[in-house]
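**Q** For reference, the file data-v9.pdb (PDB, C-alpha atoms and all ligand atoms) is included below:
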```pdb
ATOM      1  CA  MET A 273    -146.616 -22.834 -69.190
ATOM      2  CA  PHE A 274    -149.466 -22.019 -66.815
ATOM      3  CA  VAL A 275    -149.642 -24.205 -63.712
ATOM      4  CA  VAL A 276    -152.181 -23.983 -60.889
ATOM      5  CA  LEU A 277    -151.082 -25.361 -57.507
ATOM      6  CA  MET A 278    -153.829 -26.379 -55.121
ATOM      7  CA  GLY A 279    -153.880 -28.006 -51.694
ATOM      8  CA  PRO A 280    -154.747 -27.101 -48.111
ATOM      9  CA  PRO A 281    -152.997 -24.236 -46.353
ATOM     10  CA  GLY A 282    -149.526 -25.518 -45.448
ATOM     11  CA  ALA A 283    -149.436 -28.203 -48.159
ATOM     12  CA  GLY A 284    -146.277 -26.645 -49.627
ATOM     13  CA  LYS A 285    -147.708 -24.641 -52.542
ATOM     14  CA  GLY A 286    -145.478 -21.620 -51.991
ATOM     15  CA  THR A 287    -142.416 -23.814 -51.435
ATOM     16  CA  GLN A 288    -142.986 -25.756 -54.656
ATOM     17  CA  ALA A 289    -143.965 -22.633 -56.594
ATOM     18  CA  GLU A 290    -140.588 -21.066 -55.803
ATOM     19  CA  LYS A 291    -138.809 -24.169 -57.095
ATOM     20  CA  LEU A 292    -140.929 -24.227 -60.262
ATOM     21  CA  CYS A 293    -140.120 -20.588 -60.917
ATOM     22  CA  LYS A 294    -136.374 -21.272 -60.618
ATOM     23  CA  GLU A 295    -136.533 -24.388 -62.800
ATOM     24  CA  PHE A 296    -138.846 -23.136 -65.551
ATOM     25  CA  GLY A 297    -138.523 -19.338 -65.347
ATOM     26  CA  LEU A 298    -142.168 -18.914 -64.346
ATOM     27  CA  ILE A 299    -143.729 -16.072 -62.367
ATOM     28  CA  HIS A 300    -145.180 -16.910 -58.950
ATOM     29  CA  VAL A 301    -148.608 -15.346 -58.487
ATOM     30  CA  ALA A 302    -149.947 -16.005 -54.973
ATOM     31  CA  THR A 303    -153.116 -14.211 -53.950
ATOM     32  CA  GLY A 304    -152.200 -14.584 -50.255
ATOM     33  CA  ASP A 305    -148.845 -12.858 -50.889
ATOM     34  CA  ILE A 306    -150.544 -10.027 -52.795
ATOM     35  CA  PHE A 307    -152.900  -9.465 -49.856
ATOM     36  CA  ARG A 308    -150.095  -9.644 -47.269
ATOM     37  CA  ASN A 309    -148.102  -7.040 -49.230
ATOM     38  CA  ALA A 310    -151.164  -4.795 -49.421
ATOM     39  CA  VAL A 311    -151.642  -5.145 -45.646
ATOM     40  CA  LYS A 312    -147.967  -4.266 -45.076
ATOM     41  CA  GLU A 313    -148.261  -1.214 -47.327
ATOM     42  CA  GLY A 314    -151.491  -0.159 -45.573
ATOM     43  CA  THR A 315    -153.519   0.233 -48.791
ATOM     44  CA  GLU A 316    -157.346   0.433 -48.728
ATOM     45  CA  MET A 317    -157.534  -3.027 -50.295
ATOM     46  CA  GLY A 318    -155.107  -4.351 -47.681
ATOM     47  CA  LYS A 319    -157.227  -2.964 -44.851
ATOM     48  CA  LYS A 320    -160.357  -4.626 -46.240
ATOM     49  CA  ALA A 321    -158.591  -7.972 -46.848
ATOM     50  CA  LYS A 322    -156.976  -8.034 -43.379
ATOM     51  CA  ALA A 323    -160.325  -8.295 -41.598
ATOM     52  CA  TYR A 324    -161.018 -11.575 -43.412
ATOM     53  CA  MET A 325    -157.468 -12.946 -43.304
ATOM     54  CA  ASP A 326    -157.196 -12.487 -39.534
ATOM     55  CA  LYS A 327    -160.253 -14.703 -39.085
ATOM     56  CA  GLY A 328    -159.033 -17.275 -41.624
ATOM     57  CA  GLU A 329    -161.977 -16.472 -43.898
ATOM     58  CA  LEU A 330    -161.906 -15.994 -47.649
ATOM     59  CA  VAL A 331    -161.613 -12.438 -48.918
ATOM     60  CA  PRO A 332    -164.742 -11.621 -51.000
ATOM     61  CA  ASP A 333    -164.627 -12.172 -54.757
ATOM     62  CA  GLU A 334    -165.203  -8.489 -55.552
ATOM     63  CA  ILE A 335    -161.710  -7.864 -54.150
ATOM     64  CA  VAL A 336    -159.947 -11.090 -55.224
ATOM     65  CA  LEU A 337    -161.049 -11.228 -58.866
ATOM     66  CA  GLY A 338    -159.828  -7.707 -59.615
ATOM     67  CA  ILE A 339    -156.347  -8.291 -58.206
ATOM     68  CA  VAL A 340    -155.934 -11.580 -60.093
ATOM     69  CA  LYS A 341    -156.972 -10.016 -63.382
ATOM     70  CA  GLU A 342    -154.674  -7.048 -62.815
ATOM     71  CA  ARG A 343    -151.678  -9.257 -61.922
ATOM     72  CA  LEU A 344    -152.133 -11.760 -64.773
ATOM     73  CA  SER A 345    -152.449  -8.892 -67.264
ATOM     74  CA  LYS A 346    -148.905  -7.681 -66.504
ATOM     75  CA  ALA A 347    -146.321  -8.349 -69.216
ATOM     76  CA  ASP A 348    -144.097 -10.669 -67.121
ATOM     77  CA  CYS A 349    -146.914 -13.250 -66.880
ATOM     78  CA  ALA A 350    -146.644 -13.905 -70.614
ATOM     79  CA  ASN A 351    -143.517 -15.974 -69.749
ATOM     80  CA  GLY A 352    -145.612 -18.462 -67.768
ATOM     81  CA  VAL A 353    -147.200 -18.517 -64.340
ATOM     82  CA  VAL A 354    -147.505 -20.652 -61.223
ATOM     83  CA  LEU A 355    -150.779 -19.660 -59.636
ATOM     84  CA  ASP A 356    -150.935 -20.401 -55.895
ATOM     85  CA  GLY A 357    -153.964 -19.865 -53.650
ATOM     86  CA  PHE A 358    -156.359 -19.151 -56.503
ATOM     87  CA  PRO A 359    -158.915 -20.386 -57.497
ATOM     88  CA  ARG A 360    -160.434 -21.502 -54.200
ATOM     89  CA  THR A 361    -164.084 -21.701 -55.349
ATOM     90  CA  ILE A 362    -165.941 -22.698 -58.500
ATOM     91  CA  GLN A 363    -166.888 -19.045 -59.032
ATOM     92  CA  GLN A 364    -163.195 -18.139 -58.947
ATOM     93  CA  ALA A 365    -162.349 -21.001 -61.347
ATOM     94  CA  GLU A 366    -164.951 -19.751 -63.825
ATOM     95  CA  ALA A 367    -163.730 -16.182 -63.475
ATOM     96  CA  LEU A 368    -160.166 -17.377 -64.077
ATOM     97  CA  ASP A 369    -161.232 -19.119 -67.297
ATOM     98  CA  GLN A 370    -162.732 -15.839 -68.505
ATOM     99  CA  VAL A 371    -159.639 -13.810 -67.608
ATOM    100  CA  LEU A 372    -157.373 -16.317 -69.350
ATOM    101  CA  GLU A 373    -159.569 -16.368 -72.438
ATOM    102  CA  ASP A 374    -159.384 -12.557 -72.620
ATOM    103  CA  LEU A 375    -155.585 -12.719 -72.251
ATOM    104  CA  LYS A 376    -155.307 -15.590 -74.783
ATOM    105  CA  MET A 377    -153.705 -17.804 -72.149
ATOM    106  CA  LYS A 378    -154.661 -21.275 -70.973
ATOM    107  CA  ILE A 379    -154.041 -23.558 -68.009
ATOM    108  CA  ASN A 380    -151.700 -26.467 -68.802
ATOM    109  CA  MET A 381    -152.019 -28.310 -65.511
ATOM    110  CA  VAL A 382    -153.704 -28.148 -62.109
ATOM    111  CA  ILE A 383    -151.710 -29.980 -59.437
ATOM    112  CA  ILE A 384    -153.071 -30.677 -55.986
ATOM    113  CA  LEU A 385    -150.637 -31.344 -53.145
ATOM    114  CA  ASP A 386    -152.289 -34.126 -51.236
ATOM    115  CA  ILE A 387    -151.557 -34.186 -47.492
ATOM    116  CA  ASN A 388    -153.401 -34.997 -44.266
ATOM    117  CA  GLU A 389    -154.638 -32.531 -41.673
ATOM    118  CA  ASP A 390    -152.190 -33.410 -38.868
ATOM    119  CA  GLU A 391    -149.191 -32.822 -41.109
ATOM    120  CA  VAL A 392    -150.590 -29.507 -42.293
ATOM    121  CA  ILE A 393    -151.075 -28.277 -38.711
ATOM    122  CA  ASP A 394    -147.476 -29.249 -37.883
ATOM    123  CA  ARG A 395    -146.217 -27.407 -40.959
ATOM    124  CA  LEU A 396    -148.224 -24.230 -40.403
ATOM    125  CA  THR A 397    -147.436 -23.837 -36.727
ATOM    126  CA  GLY A 398    -143.703 -24.256 -37.513
ATOM    127  CA  ARG A 399    -143.728 -22.001 -40.591
ATOM    128  CA  ARG A 400    -141.580 -18.870 -40.485
ATOM    129  CA  VAL A 401    -141.475 -16.229 -43.221
ATOM    130  CA  CYS A 402    -138.806 -13.610 -43.910
ATOM    131  CA  SER A 403    -140.211 -10.174 -43.035
ATOM    132  CA  ASN A 404    -138.061  -8.662 -45.781
ATOM    133  CA  CYS A 405    -138.099 -10.958 -48.863
ATOM    134  CA  GLY A 406    -140.933 -13.375 -48.020
ATOM    135  CA  ALA A 407    -138.818 -16.582 -48.224
ATOM    136  CA  THR A 408    -140.476 -19.449 -46.367
ATOM    137  CA  TYR A 409    -138.842 -21.709 -43.763
ATOM    138  CA  HIS A 410    -139.893 -24.323 -41.252
ATOM    139  CA  ILE A 411    -138.335 -24.547 -37.796
ATOM    140  CA  LYS A 412    -137.889 -28.362 -38.134
ATOM    141  CA  TYR A 413    -138.188 -29.310 -41.820
ATOM    142  CA  ASN A 414    -136.556 -26.373 -43.576
ATOM    143  CA  PRO A 415    -134.678 -24.278 -40.982
ATOM    144  CA  PRO A 416    -132.534 -21.262 -41.860
ATOM    145  CA  LYS A 417    -128.751 -21.596 -41.410
ATOM    146  CA  VAL A 418    -128.834 -19.060 -38.566
ATOM    147  CA  ARG A 419    -131.803 -19.174 -36.201
ATOM    148  CA  ASN A 420    -134.519 -16.637 -37.139
ATOM    149  CA  ILE A 421    -132.417 -15.028 -39.904
ATOM    150  CA  CYS A 422    -133.156 -15.340 -43.616
ATOM    151  CA  ASP A 423    -130.451 -17.191 -45.612
ATOM    152  CA  TYR A 424    -130.939 -14.911 -48.631
ATOM    153  CA  CYS A 425    -131.272 -11.368 -47.273
ATOM    154  CA  SER A 426    -130.544 -11.621 -43.502
ATOM    155  CA  GLY A 427    -134.074 -10.363 -42.817
ATOM    156  CA  GLU A 428    -135.806 -11.342 -39.575
ATOM    157  CA  LEU A 429    -138.076 -14.397 -39.726
ATOM    158  CA  GLN A 430    -141.609 -14.040 -38.391
ATOM    159  CA  GLN A 431    -144.644 -16.210 -37.828
ATOM    160  CA  ARG A 432    -147.648 -15.331 -40.004
ATOM    161  CA  SER A 433    -150.418 -13.838 -37.867
ATOM    162  CA  ASP A 434    -152.920 -16.335 -39.342
ATOM    163  CA  ASP A 435    -150.752 -19.377 -38.522
ATOM    164  CA  THR A 436    -152.264 -19.809 -35.061
ATOM    165  CA  ILE A 437    -153.827 -23.160 -34.259
ATOM    166  CA  GLU A 438    -157.424 -21.778 -34.106
ATOM    167  CA  THR A 439    -157.196 -19.929 -37.436
ATOM    168  CA  VAL A 440    -155.417 -22.853 -39.067
ATOM    169  CA  LYS A 441    -158.279 -25.193 -38.121
ATOM    170  CA  ASP A 442    -160.841 -22.762 -39.586
ATOM    171  CA  ARG A 443    -158.836 -22.397 -42.810
ATOM    172  CA  ILE A 444    -158.594 -26.185 -43.211
ATOM    173  CA  LYS A 445    -162.362 -26.539 -42.641
ATOM    174  CA  ILE A 446    -163.100 -23.972 -45.344
ATOM    175  CA  TYR A 447    -160.682 -25.703 -47.712
ATOM    176  CA  ASN A 448    -162.230 -29.141 -47.115
ATOM    177  CA  ASN A 449    -165.715 -27.781 -47.878
ATOM    178  CA  LEU A 450    -164.710 -26.061 -51.094
ATOM    179  CA  ILE A 451    -162.219 -28.425 -52.705
ATOM    180  CA  PRO A 452    -164.382 -31.384 -53.966
ATOM    181  CA  PRO A 453    -166.260 -29.463 -56.703
ATOM    182  CA  LEU A 454    -163.027 -27.748 -57.783
ATOM    183  CA  ILE A 455    -161.345 -31.134 -58.259
ATOM    184  CA  ASP A 456    -164.344 -32.276 -60.364
ATOM    185  CA  TYR A 457    -164.164 -29.076 -62.391
ATOM    186  CA  TYR A 458    -160.544 -29.601 -63.408
ATOM    187  CA  GLU A 459    -160.858 -33.385 -63.730
ATOM    188  CA  GLN A 460    -163.588 -32.860 -66.317
ATOM    189  CA  LYS A 461    -161.253 -30.593 -68.250
ATOM    190  CA  GLY A 462    -158.505 -33.257 -68.159
ATOM    191  CA  LEU A 463    -156.126 -30.900 -66.337
ATOM    192  CA  PHE A 464    -155.984 -32.452 -62.884
ATOM    193  CA  GLN A 465    -152.980 -34.210 -61.296
ATOM    194  CA  LYS A 466    -152.405 -35.282 -57.691
ATOM    195  CA  ALA A 467    -148.937 -35.186 -56.090
ATOM    196  CA  ASN A 468    -148.011 -36.648 -52.713
ATOM    197  CA  GLY A 469    -147.492 -33.492 -50.644
ATOM    198  CA  SER A 470    -146.303 -35.470 -47.590
ATOM    199  CA  ASN A 471    -142.962 -36.308 -49.148
ATOM    200  CA  LEU A 472    -139.729 -34.411 -48.616
ATOM    201  CA  ILE A 473    -139.602 -31.049 -50.426
ATOM    202  CA  ASP A 474    -137.287 -32.326 -53.184
ATOM    203  CA  CYS A 475    -139.347 -35.517 -53.708
ATOM    204  CA  VAL A 476    -142.557 -33.492 -54.103
ATOM    205  CA  PHE A 477    -140.780 -31.347 -56.639
ATOM    206  CA  ALA A 478    -139.507 -34.404 -58.530
ATOM    207  CA  GLU A 479    -143.083 -35.717 -58.830
ATOM    208  CA  ILE A 480    -144.414 -32.358 -60.070
ATOM    209  CA  ASP A 481    -141.497 -32.096 -62.482
ATOM    210  CA  SER A 482    -142.264 -35.567 -63.872
ATOM    211  CA  PHE A 483    -145.901 -34.558 -64.534
ATOM    212  CA  LEU A 484    -144.779 -31.441 -66.376
ATOM    213  CA  GLN A 485    -142.050 -33.189 -68.379
ATOM    214  CA  LYS A 486    -144.593 -35.809 -69.528
ATOM    215  CA  LYS A 487    -147.061 -33.080 -70.479
ATOM    216  CA  VAL A 488    -144.466 -31.149 -72.480
ATOM    217  CA  TYR A 489    -143.472 -34.409 -74.222
ATOM    218  CA  ILE A 490    -147.080 -35.289 -75.118
ATOM    219  CA  GLU A 491    -147.946 -31.780 -76.317
TER     220      GLU A 491
HETATM  221  P1  LIG B   1    -148.618 -23.254 -48.539
HETATM  222  O1  LIG B   1    -148.074 -22.238 -49.518
HETATM  223  O2  LIG B   1    -149.319 -24.397 -49.223
HETATM  224  O3  LIG B   1    -149.462 -22.654 -47.449
HETATM  225  P2  LIG B   1    -145.828 -23.445 -47.647
HETATM  226  O4  LIG B   1    -145.079 -23.668 -48.917
HETATM  227  O5  LIG B   1    -145.755 -22.094 -47.036
HETATM  228  O6  LIG B   1    -147.380 -23.925 -47.810
HETATM  229  O7  LIG B   1    -145.321 -24.555 -46.612
HETATM  230  C1  LIG B   1    -145.846 -24.605 -45.265
HETATM  231  C2  LIG B   1    -144.704 -24.940 -44.294
HETATM  232  O8  LIG B   1    -144.278 -26.285 -44.514
HETATM  233  C3  LIG B   1    -143.464 -24.078 -44.466
HETATM  234  O9  LIG B   1    -142.904 -23.873 -43.187
HETATM  235  C4  LIG B   1    -142.520 -24.917 -45.349
HETATM  236  O10 LIG B   1    -141.155 -24.642 -45.099
HETATM  237  C5  LIG B   1    -142.892 -26.351 -44.906
HETATM  238  N1  LIG B   1    -142.863 -27.319 -45.991
HETATM  239  C6  LIG B   1    -143.234 -27.147 -47.290
HETATM  240  N2  LIG B   1    -143.112 -28.297 -47.988
HETATM  241  C7  LIG B   1    -142.667 -29.225 -47.091
HETATM  242  C8  LIG B   1    -142.340 -30.629 -47.173
HETATM  243  N3  LIG B   1    -142.483 -31.297 -48.324
HETATM  244  N4  LIG B   1    -141.937 -31.259 -46.051
HETATM  245  C9  LIG B   1    -141.817 -30.583 -44.872
HETATM  246  N5  LIG B   1    -142.092 -29.278 -44.724
HETATM  247  C10 LIG B   1    -142.514 -28.607 -45.815
HETATM  248  P1  LIG B   2    -152.720 -18.132 -48.299
HETATM  249  O1  LIG B   2    -151.470 -17.309 -48.319
HETATM  250  O2  LIG B   2    -153.023 -18.766 -49.631
HETATM  251  O3  LIG B   2    -152.722 -19.123 -47.155
HETATM  252  O4  LIG B   2    -153.913 -17.108 -48.041
HETATM  253  C1  LIG B   2    -153.974 -16.331 -46.854
HETATM  254  C2  LIG B   2    -155.341 -15.678 -46.751
HETATM  255  O5  LIG B   2    -155.541 -14.773 -47.863
HETATM  256  C3  LIG B   2    -156.542 -16.644 -46.820
HETATM  257  O6  LIG B   2    -156.845 -17.236 -45.567
HETATM  258  C4  LIG B   2    -157.652 -15.686 -47.313
HETATM  259  O7  LIG B   2    -158.116 -14.861 -46.261
HETATM  260  C5  LIG B   2    -156.899 -14.798 -48.299
HETATM  261  N1  LIG B   2    -156.928 -15.353 -49.671
HETATM  262  C6  LIG B   2    -155.865 -15.792 -50.403
HETATM  263  N2  LIG B   2    -156.255 -16.241 -51.595
HETATM  264  C7  LIG B   2    -157.612 -16.102 -51.639
HETATM  265  C8  LIG B   2    -158.616 -16.408 -52.596
HETATM  266  N3  LIG B   2    -158.310 -16.972 -53.783
HETATM  267  N4  LIG B   2    -159.905 -16.136 -52.288
HETATM  268  C9  LIG B   2    -160.234 -15.575 -51.108
HETATM  269  N5  LIG B   2    -159.344 -15.275 -50.161
HETATM  270  C10 LIG B   2    -158.035 -15.529 -50.409
END
```
For the structure just supplied, provide its representation as structure tokens.
**A**
Amino acid sequence: MFVVLMGPPGAGKGTQAEKLCKEFGLIHVATGDIFRNAVKEGTEMGKKAKAYMDKGELVPDEIVLGIVKERLSKADCANGVVLDGFPRTIQQAEALDQVLEDLKMKINMVIILDINEDEVIDRLTGRRVCSNCGATYHIKYNPPKVRNICDYCSGELQQRSDDTIETVKDRIKIYNNLIPPLIDYYEQKGLFQKANGSNLIDCVFAEIDSFLQKKVYIE
């Protein structure tokens, strides 16, 4: 199964992707996570990407397309993938089609997490991420058992450097400009589904799960 999760920053893509991976044994491929790891490791690619990420801008395609192709070509992705944060533009969607054709893979469903701007700002400013394992929390909606400590690995929770109110607003603006043609693109291919991203985490997952169960049943 190959699922693409779309939605504005903070819609809950990473949160739902983790649940999908547990439920269906899929691999979570998130371009944002790949960049953040590269920044942490101090690679050349990480240094280039950081300049864009800090401003809330998109990293140029010449960097993004290569890392997606490289990641999707790895053997573990043959078990199925949840793609999160990619594609963000029509050019990226077309490039993804080409990569998948080369790898003899295909997208089964594109799910957008629909949510309004105020909720997204509230979610992003309260988001905390484990500095060790990357698990995501929210100070109000999904807090760790012990304040600032990861439930899974006891790592320290941190705020993402691009989760400041100014950068968040810029990232939402970019998303709003780019998303309409992408929705058309996947609607025309009959792959598009919309889930209510404002619901509680488990309710969002139940809706996504129902889409996928129906799809598996039909196919
Ligand atoms: P994205 O990957 O789309 O940027 P995340 O999955 O990181 O979004 O979620 C953003 C923040 O919102 C996190 O702090 C997460 O814990 C919280 N969150 C995710 N889904 C929900 C939800 N359905 N209700 C409330 N908070 C949520
Ligand atoms: P995310 O983790 O999806 O919120 O992404 C964090 C940042 O990584 C974005 O603001 C961009 O700077 C960069 N990024 C992630 N995915 C992409 C992509 N598909 N295209 C361009 N830039 C990306």
**Q** Please, which residues have at least one atom within 9 Å of an atom of ligand LIG 1 (chain B), using all atoms listed in the file, listed as a PDB file with C-alpha atoms, in the frame of the given file?
**A**
```pdb
ATOM      1  CA  LEU A 277    -151.082 -25.361 -57.507  1.00  0.00           C
ATOM      2  CA  MET A 278    -153.829 -26.379 -55.121  1.00  0.00           C
ATOM      3  CA  GLY A 279    -153.880 -28.006 -51.694  1.00  0.00           C
ATOM      4  CA  PRO A 280    -154.747 -27.101 -48.111  1.00  0.00           C
ATOM      5  CA  PRO A 281    -152.997 -24.236 -46.353  1.00  0.00           C
ATOM      6  CA  GLY A 282    -149.526 -25.518 -45.448  1.00  0.00           C
ATOM      7  CA  ALA A 283    -149.436 -28.203 -48.159  1.00  0.00           C
ATOM      8  CA  GLY A 284    -146.277 -26.645 -49.627  1.00  0.00           C
ATOM      9  CA  LYS A 285    -147.708 -24.641 -52.542  1.00  0.00           C
ATOM     10  CA  GLY A 286    -145.478 -21.620 -51.991  1.00  0.00           C
ATOM     11  CA  THR A 287    -142.416 -23.814 -51.435  1.00  0.00           C
ATOM     12  CA  GLN A 288    -142.986 -25.756 -54.656  1.00  0.00           C
ATOM     13  CA  ALA A 289    -143.965 -22.633 -56.594  1.00  0.00           C
ATOM     14  CA  GLU A 290    -140.588 -21.066 -55.803  1.00  0.00           C
ATOM     15  CA  ALA A 302    -149.947 -16.005 -54.973  1.00  0.00           C
ATOM     16  CA  GLY A 304    -152.200 -14.584 -50.255  1.00  0.00           C
ATOM     17  CA  ASP A 356    -150.935 -20.401 -55.895  1.00  0.00           C
ATOM     18  CA  GLY A 357    -153.964 -19.865 -53.650  1.00  0.00           C
ATOM     19  CA  LEU A 385    -150.637 -31.344 -53.145  1.00  0.00           C
ATOM     20  CA  GLU A 391    -149.191 -32.822 -41.109  1.00  0.00           C
ATOM     21  CA  VAL A 392    -150.590 -29.507 -42.293  1.00  0.00           C
ATOM     22  CA  ASP A 394    -147.476 -29.249 -37.883  1.00  0.00           C
ATOM     23  CA  ARG A 395    -146.217 -27.407 -40.959  1.00  0.00           C
ATOM     24  CA  LEU A 396    -148.224 -24.230 -40.403  1.00  0.00           C
ATOM     25  CA  THR A 397    -147.436 -23.837 -36.727  1.00  0.00           C
ATOM     26  CA  GLY A 398    -143.703 -24.256 -37.513  1.00  0.00           C
ATOM     27  CA  ARG A 399    -143.728 -22.001 -40.591  1.00  0.00           C
ATOM     28  CA  ARG A 400    -141.580 -18.870 -40.485  1.00  0.00           C
ATOM     29  CA  VAL A 401    -141.475 -16.229 -43.221  1.00  0.00           C
ATOM     30  CA  ALA A 407    -138.818 -16.582 -48.224  1.00  0.00           C
ATOM     31  CA  THR A 408    -140.476 -19.449 -46.367  1.00  0.00           C
ATOM     32  CA  TYR A 409    -138.842 -21.709 -43.763  1.00  0.00           C
ATOM     33  CA  HIS A 410    -139.893 -24.323 -41.252  1.00  0.00           C
ATOM     34  CA  ILE A 411    -138.335 -24.547 -37.796  1.00  0.00           C
ATOM     35  CA  LYS A 412    -137.889 -28.362 -38.134  1.00  0.00           C
ATOM     36  CA  TYR A 413    -138.188 -29.310 -41.820  1.00  0.00           C
ATOM     37  CA  ASN A 414    -136.556 -26.373 -43.576  1.00  0.00           C
ATOM     38  CA  PRO A 415    -134.678 -24.278 -40.982  1.00  0.00           C
ATOM     39  CA  ASN A 468    -148.011 -36.648 -52.713  1.00  0.00           C
ATOM     40  CA  GLY A 469    -147.492 -33.492 -50.644  1.00  0.00           C
ATOM     41  CA  SER A 470    -146.303 -35.470 -47.590  1.00  0.00           C
ATOM     42  CA  ASN A 471    -142.962 -36.308 -49.148  1.00  0.00           C
ATOM     43  CA  LEU A 472    -139.729 -34.411 -48.616  1.00  0.00           C
ATOM     44  CA  ILE A 473    -139.602 -31.049 -50.426  1.00  0.00           C
ATOM     45  CA  ASP A 474    -137.287 -32.326 -53.184  1.00  0.00           C
ATOM     46  CA  CYS A 475    -139.347 -35.517 -53.708  1.00  0.00           C
ATOM     47  CA  VAL A 476    -142.557 -33.492 -54.103  1.00  0.00           C
ATOM     48  CA  PHE A 477    -140.780 -31.347 -56.639  1.00  0.00           C
TER      49      PHE A 477
END
```
**Q** To check your reading of the model: which residues sit at most 8 Å from ligand LIG 2 (chain B) when counting all atoms listed in the file? Write the answer as a PyMOL selection string.
**A** chain A and resi 281-282+302-305+307-308+321-322+324-333+336+356-361+364+434+443
**Q** Which residues match the PyMOL selection byres (((chain A and resi 429) around 10) and not hetatm) in the file above, as a list in words?
**A**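 This file gives the following for the PyMOL selection byres (((chain A and resi 429) around 10) and not hetatm): Arg399, Arg400, Val401, Cys402, Ser403, Asn404, Cys405, Gly406, Ala407, Thr408, Tyr409, Pro416, Arg419, Asn420, Ile421, Cys422, Ser426, Gly427, Glu428, Gln430, Gln431 and Arg432 of chain A.
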**Q** For each of A:Gln465, A:Val301, A:Asn351, A:Asp369, take the minimum atom-to-atom distance to Lys487 in chain A, counting all atoms listed in the file, then give the residue where this is smallest.
**A**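 The closest residue to Lys487 in chain A is A:Gln465.
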**Q** Between A:Asn448, A:Ser433, A:Gln370, A:Gln363, which residue has the minimum interatomic distance to Ile387 in chain A, considering all atoms listed in the file?
**A**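 Looking only at the distances to Ile387 in chain A, the closest residue turns out to be A:Asn448.
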**Q** Pick from A:Leu298, A:Leu463, A:Ile306, A:Leu375: nearest to Asp348 in chain A, with all atoms listed in the file counted?
**A**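 Checking each of A:Leu298, A:Leu463, A:Ile306, A:Leu375 against Asp348 in chain A, counting all atoms listed in the file, the winner is A:Leu298.
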**Q** Grab the CA of Ile446 in chain A to CA of Glu479 in chain A distance for me, in Å with one decimal place.
**A** 26.8 Å
**Q** Work out how far apart CA of Lys378 in chain A and CA of Val275 in chain A are and give it in Å to one decimal.
**A**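 Value for the CA of Lys378 in chain A-CA of Val275 in chain A distance: 9.3 Å.
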